[in-house]
>>> print(open('query-v8.json').read())   # JSON, C-alpha atoms
[["chain", "number", "residue", "atom", "x", "y", "z"],
["A", 1, "MET", "CA", -41.49, -53.27, 13.98],
["A", 2, "LYS", "CA", -43.62, -55.26, 11.55],
["A", 3, "THR", "CA", -44.56, -52.06, 9.75],
["A", 4, "LEU", "CA", -40.88, -51.19, 9.27],
["A", 5, "LYS", "CA", -40.18, -54.69, 7.97],
["A", 6, "THR", "CA", -43.12, -54.45, 5.59],
["A", 7, "VAL", "CA", -41.85, -51.12, 4.26],
["A", 8, "LEU", "CA", -38.34, -52.52, 3.89],
["A", 9, "VAL", "CA", -39.52, -55.64, 2.05],
["A", 10, "SER", "CA", -41.69, -53.52, -0.25],
["A", 11, "THR", "CA", -38.82, -51.13, -0.95],
["A", 12, "VAL", "CA", -36.42, -53.95, -1.73],
["A", 13, "ALA", "CA", -38.98, -55.65, -3.97],
["A", 14, "LEU", "CA", -39.64, -52.46, -5.92],
["A", 15, "ALA", "CA", -35.94, -51.77, -6.27],
["A", 16, "ALA", "CA", -35.35, -55.32, -7.51],
["A", 17, "LEU", "CA", -38.10, -54.97, -10.10],
["A", 18, "SER", "CA", -36.82, -51.64, -11.36],
["A", 19, "MET", "CA", -33.21, -52.86, -11.44],
["A", 20, "ASN", "CA", -34.09, -56.14, -13.17],
["A", 21, "SER", "CA", -34.07, -54.67, -16.67],
["A", 22, "MET", "CA", -31.06, -52.50, -15.89],
["A", 23, "GLY", "CA", -29.22, -55.42, -14.32],
["A", 24, "ALA", "CA", -29.23, -57.53, -17.46],
["A", 25, "GLY", "CA", -25.61, -58.18, -18.36],
["A", 26, "GLN", "CA", -24.39, -56.92, -14.99],
["A", 27, "PRO", "CA", -24.34, -60.05, -12.83],
["A", 28, "ASN", "CA", -21.60, -58.82, -10.49],
["A", 29, "MET", "CA", -23.46, -55.59, -9.78],
["A", 30, "GLN", "CA", -26.67, -57.56, -9.23],
["A", 31, "VAL", "CA", -24.89, -59.84, -6.73],
["A", 32, "ALA", "CA", -23.36, -56.86, -4.95],
["A", 33, "LEU", "CA", -26.74, -55.15, -4.74],
["A", 34, "HIS", "CA", -28.33, -58.29, -3.32],
["A", 35, "HIS", "CA", -25.64, -58.66, -0.66],
["A", 36, "LEU", "CA", -25.92, -55.01, 0.32],
["A", 37, "GLN", "CA", -29.69, -55.33, 0.65],
["A", 38, "GLU", "CA", -29.20, -58.39, 2.86],
["A", 39, "ALA", "CA", -26.69, -56.46, 4.97],
["A", 40, "ARG", "CA", -29.19, -53.61, 5.34],
["A", 41, "THR", "CA", -31.85, -56.03, 6.55],
["A", 42, "ALA", "CA", -29.46, -57.60, 9.07],
["A", 43, "LEU", "CA", -28.40, -54.20, 10.39],
["A", 44, "MET", "CA", -31.99, -53.10, 10.80],
["A", 45, "GLN", "CA", -32.72, -56.23, 12.82],
["A", 46, "ALA", "CA", -29.62, -55.87, 15.01],
["A", 47, "GLU", "CA", -29.85, -54.56, 18.57],
["A", 48, "LYS", "CA", -29.48, -50.80, 18.79],
["A", 49, "ASN", "CA", -26.93, -50.82, 21.63],
["A", 50, "LYS", "CA", -23.86, -50.26, 19.44],
["A", 51, "GLY", "CA", -22.98, -46.67, 20.36],
["A", 52, "GLY", "CA", -24.22, -45.31, 17.04],
["A", 53, "HIS", "CA", -22.06, -47.66, 14.95],
["A", 54, "ARG", "CA", -25.03, -49.72, 13.74],
["A", 55, "GLU", "CA", -26.73, -46.56, 12.51],
["A", 56, "ARG", "CA", -23.55, -45.36, 10.81],
["A", 57, "ALA", "CA", -23.10, -48.75, 9.14],
["A", 58, "LEU", "CA", -26.73, -48.65, 7.98],
["A", 59, "ASP", "CA", -26.18, -45.19, 6.49],
["A", 60, "LEU", "CA", -23.06, -46.37, 4.66],
["A", 61, "VAL", "CA", -24.81, -49.48, 3.33],
["A", 62, "ASN", "CA", -27.69, -47.33, 2.06],
["A", 63, "LYS", "CA", -25.18, -45.06, 0.33],
["A", 64, "ALA", "CA", -23.46, -48.10, -1.19],
["A", 65, "ILE", "CA", -26.80, -49.43, -2.46],
["A", 66, "ASN", "CA", -27.46, -46.07, -4.08],
["A", 67, "GLN", "CA", -24.03, -46.04, -5.73],
["A", 68, "VAL", "CA", -24.48, -49.56, -7.13],
["A", 69, "GLN", "CA", -27.90, -48.60, -8.51],
["A", 70, "GLU", "CA", -26.52, -45.40, -10.02],
["A", 71, "GLY", "CA", -23.66, -47.34, -11.61],
["A", 72, "MET", "CA", -26.12, -49.81, -13.11],
["A", 73, "LYS", "CA", -28.25, -46.96, -14.47],
["A", 74, "PHE", "CA", -25.16, -45.33, -15.97],
["A", 75, "ALA", "CA", -24.05, -48.55, -17.63],
["A", 76, "HIS", "CA", -27.56, -49.08, -18.99],
["A", 77, "THR", "CA", -27.62, -45.66, -20.69],
["A", 78, "HIS", "CA", -24.05, -45.62, -22.04]]
>>> encode(input="query-v8.json", output="structure tokens")
Amino acid sequence: MKTLKTVLVSTVALAALSMNSMGAGQPNMQVALHHLQEARTALMQAEKNKGGHRERALDLVNKAINQVQEGMKFAHTH
């Protein structure tokens, strides 16, 4: 479990660094991204006895994180 947490923390840190320059002038998107990353962490730490709903929620949160990042990239280049 510690290895998974280490990978998650590293991934979030790298994403934050890469999004930092793109996030300038996009405070609402930055806040949304932060909250989604916190939600992902909480879901990963939750018990797995949810009948597949935890996994589905985790998938949806990951997709939402991707969409926020893509939106920030788009805004940065246009």
>>> atom_distance(input="query-v8.json", atom1="atom CA of Glu70 of chain A", atom2="atom CA of Ala46 of chain A")
27.3 Å
>>> closest_residue(input="query-v8.json", among="A:Val61, A:Met44, A:Ala39, A:Val68", to="Pro27 of chain A", atoms="only C-alpha atoms")
A:Val68
>>> closest_residue(input="query-v8.json", among="A:Ala64, A:Lys73, A:Ala57, A:His78", to="His35 of chain A", atoms="all atoms listed in the file")
A:Ala64
>>> atom_distance(input="query-v8.json", atom1="atom CA of Asn49 of chain A", atom2="atom CA of Lys63 of chain A")
22.1 Å
>>> atom_distance(input="query-v8.json", atom1="atom CA of Glu55 of chain A", atom2="atom CA of Gln26 of chain A")
29.5 Å
>>> closest_residue(input="query-v8.json", among="A:Leu43, A:Leu36, A:Ala24, A:Val31", to="Asn66 of chain A", atoms="all atoms listed in the file")
A:Leu36
>>> closest_residue(input="query-v8.json", among="A:Asp59, A:His53, A:Ala42, A:Ile65", to="Gln30 of chain A", atoms="only C-alpha atoms")
A:Ile65
>>> decode(input="query-v8.json", residues="segment 35-48 of chain A", atoms="all heavy atoms", output="PDB file, in the first residue's frame")
ATOM      1  N   HIS A  35      -9.215  19.791  -5.749  1.00  0.00           N
ATOM      2  CA  HIS A  35     -10.297  19.041  -5.091  1.00  0.00           C
ATOM      3  C   HIS A  35     -10.462  17.648  -5.695  1.00  0.00           C
ATOM      4  O   HIS A  35     -10.689  16.675  -4.970  1.00  0.00           O
ATOM      5  CB  HIS A  35     -11.620  19.808  -5.150  1.00  0.00           C
ATOM      6  CG  HIS A  35     -11.672  20.995  -4.251  1.00  0.00           C
ATOM      7  ND1 HIS A  35     -11.505  20.915  -2.889  1.00  0.00           N
ATOM      8  CD2 HIS A  35     -11.865  22.306  -4.518  1.00  0.00           C
ATOM      9  CE1 HIS A  35     -11.606  22.116  -2.346  1.00  0.00           C
ATOM     10  NE2 HIS A  35     -11.814  22.985  -3.328  1.00  0.00           N
ATOM     11  N   LEU A  36     -10.357  17.561  -7.005  1.00  0.00           N
ATOM     12  CA  LEU A  36     -10.459  16.253  -7.656  1.00  0.00           C
ATOM     13  C   LEU A  36      -9.310  15.339  -7.235  1.00  0.00           C
ATOM     14  O   LEU A  36      -9.509  14.142  -7.005  1.00  0.00           O
ATOM     15  CB  LEU A  36     -10.481  16.416  -9.173  1.00  0.00           C
ATOM     16  CG  LEU A  36     -11.784  16.966  -9.748  1.00  0.00           C
ATOM     17  CD1 LEU A  36     -11.575  17.434 -11.180  1.00  0.00           C
ATOM     18  CD2 LEU A  36     -12.883  15.916  -9.671  1.00  0.00           C
ATOM     19  N   GLN A  37      -8.116  15.892  -7.122  1.00  0.00           N
ATOM     20  CA  GLN A  37      -6.969  15.092  -6.687  1.00  0.00           C
ATOM     21  C   GLN A  37      -7.154  14.625  -5.242  1.00  0.00           C
ATOM     22  O   GLN A  37      -6.807  13.497  -4.905  1.00  0.00           O
ATOM     23  CB  GLN A  37      -5.674  15.888  -6.852  1.00  0.00           C
ATOM     24  CG  GLN A  37      -5.311  16.080  -8.311  1.00  0.00           C
ATOM     25  CD  GLN A  37      -4.246  17.123  -8.537  1.00  0.00           C
ATOM     26  OE1 GLN A  37      -4.030  18.028  -7.727  1.00  0.00           O
ATOM     27  NE2 GLN A  37      -3.559  17.015  -9.668  1.00  0.00           N
ATOM     28  N   GLU A  38      -7.724  15.490  -4.405  1.00  0.00           N
ATOM     29  CA  GLU A  38      -8.022  15.077  -3.025  1.00  0.00           C
ATOM     30  C   GLU A  38      -9.081  13.975  -3.004  1.00  0.00           C
ATOM     31  O   GLU A  38      -8.993  13.034  -2.214  1.00  0.00           O
ATOM     32  CB  GLU A  38      -8.486  16.274  -2.199  1.00  0.00           C
ATOM     33  CG  GLU A  38      -7.374  17.226  -1.834  1.00  0.00           C
ATOM     34  CD  GLU A  38      -7.859  18.376  -0.974  1.00  0.00           C
ATOM     35  OE1 GLU A  38      -9.059  18.732  -1.020  1.00  0.00           O
ATOM     36  OE2 GLU A  38      -7.023  18.940  -0.256  1.00  0.00           O
ATOM     37  N   ALA A  39     -10.087  14.096  -3.863  1.00  0.00           N
ATOM     38  CA  ALA A  39     -11.130  13.075  -3.945  1.00  0.00           C
ATOM     39  C   ALA A  39     -10.530  11.747  -4.390  1.00  0.00           C
ATOM     40  O   ALA A  39     -10.878  10.689  -3.853  1.00  0.00           O
ATOM     41  CB  ALA A  39     -12.231  13.516  -4.912  1.00  0.00           C
ATOM     42  N   ARG A  40      -9.625  11.792  -5.356  1.00  0.00           N
ATOM     43  CA  ARG A  40      -8.971  10.569  -5.826  1.00  0.00           C
ATOM     44  C   ARG A  40      -8.208   9.891  -4.685  1.00  0.00           C
ATOM     45  O   ARG A  40      -8.312   8.685  -4.486  1.00  0.00           O
ATOM     46  CB  ARG A  40      -8.031  10.871  -6.988  1.00  0.00           C
ATOM     47  CG  ARG A  40      -7.272   9.641  -7.453  1.00  0.00           C
ATOM     48  CD  ARG A  40      -6.472   9.862  -8.702  1.00  0.00           C
ATOM     49  NE  ARG A  40      -5.548  10.966  -8.574  1.00  0.00           N
ATOM     50  CZ  ARG A  40      -4.906  11.510  -9.608  1.00  0.00           C
ATOM     51  NH1 ARG A  40      -5.089  11.053 -10.824  1.00  0.00           N
ATOM     52  NH2 ARG A  40      -4.076  12.503  -9.427  1.00  0.00           N
ATOM     53  N   THR A  41      -7.485  10.678  -3.919  1.00  0.00           N
ATOM     54  CA  THR A  41      -6.737  10.131  -2.786  1.00  0.00           C
ATOM     55  C   THR A  41      -7.674   9.487  -1.779  1.00  0.00           C
ATOM     56  O   THR A  41      -7.426   8.368  -1.300  1.00  0.00           O
ATOM     57  CB  THR A  41      -5.905  11.235  -2.103  1.00  0.00           C
ATOM     58  OG1 THR A  41      -4.980  11.765  -3.062  1.00  0.00           O
ATOM     59  CG2 THR A  41      -5.139  10.702  -0.914  1.00  0.00           C
ATOM     60  N   ALA A  42      -8.778  10.154  -1.452  1.00  0.00           N
ATOM     61  CA  ALA A  42      -9.742   9.612  -0.494  1.00  0.00           C
ATOM     62  C   ALA A  42     -10.361   8.313  -1.012  1.00  0.00           C
ATOM     63  O   ALA A  42     -10.516   7.344  -0.257  1.00  0.00           O
ATOM     64  CB  ALA A  42     -10.829  10.640  -0.198  1.00  0.00           C
ATOM     65  N   LEU A  43     -10.695   8.278  -2.285  1.00  0.00           N
ATOM     66  CA  LEU A  43     -11.277   7.060  -2.862  1.00  0.00           C
ATOM     67  C   LEU A  43     -10.290   5.901  -2.845  1.00  0.00           C
ATOM     68  O   LEU A  43     -10.671   4.762  -2.581  1.00  0.00           O
ATOM     69  CB  LEU A  43     -11.735   7.324  -4.301  1.00  0.00           C
ATOM     70  CG  LEU A  43     -13.020   8.121  -4.443  1.00  0.00           C
ATOM     71  CD1 LEU A  43     -13.183   8.617  -5.871  1.00  0.00           C
ATOM     72  CD2 LEU A  43     -14.212   7.291  -4.010  1.00  0.00           C
ATOM     73  N   MET A  44      -9.034   6.204  -3.095  1.00  0.00           N
ATOM     74  CA  MET A  44      -8.031   5.140  -3.088  1.00  0.00           C
ATOM     75  C   MET A  44      -7.823   4.577  -1.684  1.00  0.00           C
ATOM     76  O   MET A  44      -7.492   3.413  -1.521  1.00  0.00           O
ATOM     77  CB  MET A  44      -6.723   5.647  -3.676  1.00  0.00           C
ATOM     78  CG  MET A  44      -6.834   5.912  -5.172  1.00  0.00           C
ATOM     79  SD  MET A  44      -5.287   6.407  -5.914  1.00  0.00           S
ATOM     80  CE  MET A  44      -4.469   4.815  -5.956  1.00  0.00           C
ATOM     81  N   GLN A  45      -8.058   5.403  -0.678  1.00  0.00           N
ATOM     82  CA  GLN A  45      -7.869   4.967   0.701  1.00  0.00           C
ATOM     83  C   GLN A  45      -9.120   4.313   1.285  1.00  0.00           C
ATOM     84  O   GLN A  45      -9.055   3.668   2.319  1.00  0.00           O
ATOM     85  CB  GLN A  45      -7.454   6.157   1.575  1.00  0.00           C
ATOM     86  CG  GLN A  45      -6.077   6.685   1.222  1.00  0.00           C
ATOM     87  CD  GLN A  45      -5.722   7.949   1.963  1.00  0.00           C
ATOM     88  OE1 GLN A  45      -6.556   8.556   2.621  1.00  0.00           O
ATOM     89  NE2 GLN A  45      -4.479   8.368   1.850  1.00  0.00           N
ATOM     90  N   ALA A  46     -10.251   4.453   0.600  1.00  0.00           N
ATOM     91  CA  ALA A  46     -11.513   3.893   1.089  1.00  0.00           C
ATOM     92  C   ALA A  46     -11.499   2.368   1.008  1.00  0.00           C
ATOM     93  O   ALA A  46     -10.790   1.779   0.189  1.00  0.00           O
ATOM     94  CB  ALA A  46     -12.685   4.442   0.268  1.00  0.00           C
ATOM     95  N   GLU A  47     -12.301   1.741   1.865  1.00  0.00           N
ATOM     96  CA  GLU A  47     -12.447   0.290   1.822  1.00  0.00           C
ATOM     97  C   GLU A  47     -12.984  -0.122   0.450  1.00  0.00           C
ATOM     98  O   GLU A  47     -13.741   0.604  -0.181  1.00  0.00           O
ATOM     99  CB  GLU A  47     -13.434  -0.163   2.910  1.00  0.00           C
ATOM    100  CG  GLU A  47     -12.935   0.074   4.325  1.00  0.00           C
ATOM    101  CD  GLU A  47     -11.756  -0.810   4.697  1.00  0.00           C
ATOM    102  OE1 GLU A  47     -11.712  -1.971   4.247  1.00  0.00           O
ATOM    103  OE2 GLU A  47     -10.879  -0.330   5.426  1.00  0.00           O
ATOM    104  N   LYS A  48     -12.624  -1.297   0.029  1.00  0.00           N
ATOM    105  CA  LYS A  48     -12.990  -1.767  -1.310  1.00  0.00           C
ATOM    106  C   LYS A  48     -14.304  -2.528  -1.344  1.00  0.00           C
ATOM    107  O   LYS A  48     -14.659  -3.088  -2.361  1.00  0.00           O
ATOM    108  CB  LYS A  48     -11.856  -2.635  -1.865  1.00  0.00           C
ATOM    109  CG  LYS A  48     -10.580  -1.852  -2.055  1.00  0.00           C
ATOM    110  CD  LYS A  48      -9.490  -2.708  -2.641  1.00  0.00           C
ATOM    111  CE  LYS A  48      -8.241  -1.857  -2.796  1.00  0.00           C
ATOM    112  NZ  LYS A  48      -7.140  -2.582  -3.377  1.00  0.00           N
TER     113      LYS A  48
END
